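Enquirer: What follows is a single structure, and I will ask about it in a moment.
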Amino acid sequence: MQSPLWAPIRSQYRTDSIAKCPSFLLDCSRTVVQDRSPPAIVTCEDLLFSGVDSVCQPPLQVSIRLPLHASSIIDGYLCQTPDTYTHIFDLWIVIQNRMSSLNGQQWGVTQPISSSESSEGEKKVTVAMMEELRRQNAFETEEESRTRELVLGRVATLVKKFVHDVSISRGLSEAAALAAGGKIFTFGSYRLGVHGPGSDIDTLCVVPKHVSREDFFDVFETMLRDFEGVSEVSGVPEAYVPIVKTKIQGIAIDFLMARLALPTIPDDLSLQDDNLLKNLDERCIRSLNGSRVTDEILRLVPNVAVFRDALRCIKLWAQRRAIYSNVNGFLGGVAWAMLVARICQLYPNAVAGAIVSRFFIIMYQWSWPQPVLLKQIEEGPLQVRVWNPKLYPGDRSHRMPIITPAYPAMCATHNVTESTQMIMTEEFKRGADIVDKIVFGSMQWLELFTKHDFFHKYRYYLQITASTGNQDLQIKWSGTVESRIRQLVMKLEYVDALTLAHPFIKGFDQTLHCLNEEEVRACASGEVPDVVVRRKKEDAEGKEGASIVYTTSFYIGLAIEPKQPGATGPRRLDISYPTTEFQKLVKMWEKYDDSSMGIVVRHIKSSSLPDYVFDGTERQPKPTLKRSKTNKGSGKSGNNCPDLPNKKQKKSPLSPTDIQSLTSPKAEHPLSSLAPIQPPTVVEAPPPGASVYTTAVKDPADIKSPHLPLGESAAVVGTAQ
């Protein structure tokens, strides 16, 4: 359908004058606003180009949504609605990138693998993929989208007021304070256009040079607490990237701040200029990096709409397969976006379904540690470290380097370990196998998004439980413990007989109401008595000795080497050194208090996993702990599953195998007496030649290795990287 709103404008612009595109787009926007009563929303249908001479080949449908209010555009700049100018710029990127693809421009650091258009079959597969993504609730509702836009508009006004108030306190005149400006930039999944229901909005507050970081946490955080619709505010000024987390009208927002060396922040400010980084501290540069990287990714993909659809699919897949977590050694949102962007560069004219298919194959075959680059690494105006494995030994140690395209270039994946790399490679292989079957019609897209099997996969697990008696303290303590788990994984990788250590991507929080010290200790150890699990708050209120314990438990799956031929008896797995070193590491936290914080590491069998890690009926029935006398007398077990406990199973939740010195009457708090130890663990190793995984999951070794379609070669990928 051709929109009449574009008719007066399309005939005025040709390829030779498309450089005026920002004005061109604003003219289009004004036409829409004049033609409708505000607030006017421009939808995909309004942005359908049909036969615009040589500007674009028909039809080009731009799948973005522009919130345009009549009062929001003044002289081409943002006024009231914060993302209006940003979305208009997005539209220009779509047109500009599409023209470049049609003209045969090279995207990225190599020639494309294929510049061919996708087949009709791939287009049908893409349609089916998008339908499944909608069924999977990957898109937010229209109402939630409008709420986000309104909230961002209010936030943009609040930031300007914050800068104004600080300016007045610094002695500036009213006119100078108003001119000081202040602007917000979104980044992350929201800016990339792949956010879903309930996603947070990563937001950067850019302020002039007379506004300090202390002002941000003292003044702005206070203003947020008094802001209408705010339900929670939590500032973390000591974080590597200082942040304020809040929730406004049910929308979670993470605020970063960057203080530029400018007296004022104009509304048309762009962060693309590297010179803006001059005279900034490291924290401001890191804060700016998120927004600069996100914008650069959008500039470097041939087709923004295809990139977004493919990334939305890969993001959902990574979340479902539990490999979406930078802090735990997998990949975060930016890294996944850069991988998808690189595949888009290698197939500039492909549809989203074809991009997803090639993504799994190429990522499985990628020659790590060859870096993934969206453009050549550039030097800049600052004396700052730029990723360079030839110069820096630390950069050479990166196992899966994915390099940010904005200056200064950094590795977004320095947290990846040997184990997590192995796990992601297995998932790439699995994904390639499934999508190949989808293309040939023997599977549906639903199969790709099947939930992970982490808690069914291994015979043994490590359980790390962080505990306190205060809810606010628990958030910080558990976050500190989680940030160090990667170090534990790396130490476990050196343990003999361990093939890999697989960290789960999130912790499990519990609020437990205890009636005595013994229950407190049991809960803090990670073995919560059933009576405590069932107890409600009102059941414990007013009772003598009652207390609340807040716990967060993290899990690491342990894959154990099969027995060597001829080996007999169980194997002893000594993990005392890595667990002891891990506990020392977390206790080095400057705010650690032995009297109020607990940390326990213990090994458990899969059959002893708590119910809360399973969904609904997902858990297999727990085995009986008794063996028949017949089997006992014959020396045979009636239980052939290696996951099941033997007759020496610990019955007490407070076994000294896991917890030491639980009877300390002088302790200020029961948690202070929890000093975990890990003696050698007796394990049932898989028999010779068996998989390191349980029989409940498919061994990745049984999946055939994927290959690109006939006529496509990934050899070109490594020629310039």
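Going by the structure tokens order, chains are called A, B, ..., each with residues numbered from 1, while ligands are numbered from 1 in the order shown.
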With DSSP run on the backbone, what are the strand (DSSP E) residues within region 341-497 of chain A? I'd like them as a VMD selection string.
Expert: chain A and resid 460 to 468
Enquirer: With only C-alpha atoms as the counted atoms, please give the residues lying no more than 8 Å from region 445-447 of chain A, apart from itself and same-chain residues fewer than 4 positions off, as a list in words.
Expert: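 After dropping sequence-adjacent residues, the list is Ala128, Met129, Glu132, Ile434, Val435 and Ile438 of chain A.
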Enquirer: Keeping only N, CA and C atoms, take the residues you just selected and write them out as a JSON list (two decimals), in the first residue's frame.
Expert:
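Full text of again-v5.json as output:
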```json
[["chain", "number", "residue", "atom", "x", "y", "z"],
["A", 128, "ALA", "N", 7.83, -17.59, 8.95],
["A", 128, "ALA", "CA", 7.52, -18.54, 10.03],
["A", 128, "ALA", "C", 8.28, -18.19, 11.31],
["A", 129, "MET", "N", 9.53, -17.74, 11.16],
["A", 129, "MET", "CA", 10.32, -17.36, 12.33],
["A", 129, "MET", "C", 9.68, -16.18, 13.06],
["A", 132, "GLU", "N", 6.65, -17.24, 14.99],
["A", 132, "GLU", "CA", 6.99, -17.94, 16.22],
["A", 132, "GLU", "C", 7.49, -16.97, 17.28],
["A", 434, "ILE", "N", 19.28, -27.75, 14.19],
["A", 434, "ILE", "CA", 17.83, -27.51, 14.24],
["A", 434, "ILE", "C", 17.38, -26.63, 13.09],
["A", 435, "VAL", "N", 18.11, -25.52, 12.84],
["A", 435, "VAL", "CA", 17.69, -24.60, 11.78],
["A", 435, "VAL", "C", 17.81, -25.27, 10.41],
["A", 438, "ILE", "N", 14.74, -27.06, 10.09],
["A", 438, "ILE", "CA", 13.63, -26.12, 9.87],
["A", 438, "ILE", "C", 13.56, -25.73, 8.40]]
```
Enquirer: Between CA of Thr141 (chain A) and CA of Val230 (chain A), what is the distance in Å, rounded to a tenth?
Expert: 21.3 Å
Enquirer: I need the residues in region 235-403 of chain A that are helix (DSSP H, G or I) according to DSSP; give them as a PyMOL selection string.
Expert: chain A and resi 274-277+282-299+304-320+333-346+352-365+393-396
Enquirer: Can you tell me which residues surround Leu204 (chain A) at a distance of at most 9 Å, considering only C-alpha atoms, apart from same-chain residues fewer than 2 positions away, and format the answer as a list in words?
Expert: Lys183, Ile184, Phe185, Thr186, Phe187, Asp202, Val206, Asp254, Phe255, Leu256, Met257, Ala258, Ser287, Leu288, Gly290 and Ser291 of chain A
Enquirer: So which residues touch His398 (chain A) within 9 Å, counting only C-alpha atoms, skipping near sequence neighbours fewer than 4 positions away, as a list in words?
Expert: Pro369, Pro389, Gly394, Cys411, Thr413, His414, Asn415, Val416 and Thr417 of chain A
Enquirer: Report the distance between CA of Arg146 (chain A) and CA of Thr246 (chain A) in Å, rounded to one decimal place.
Expert: 18.6 Å
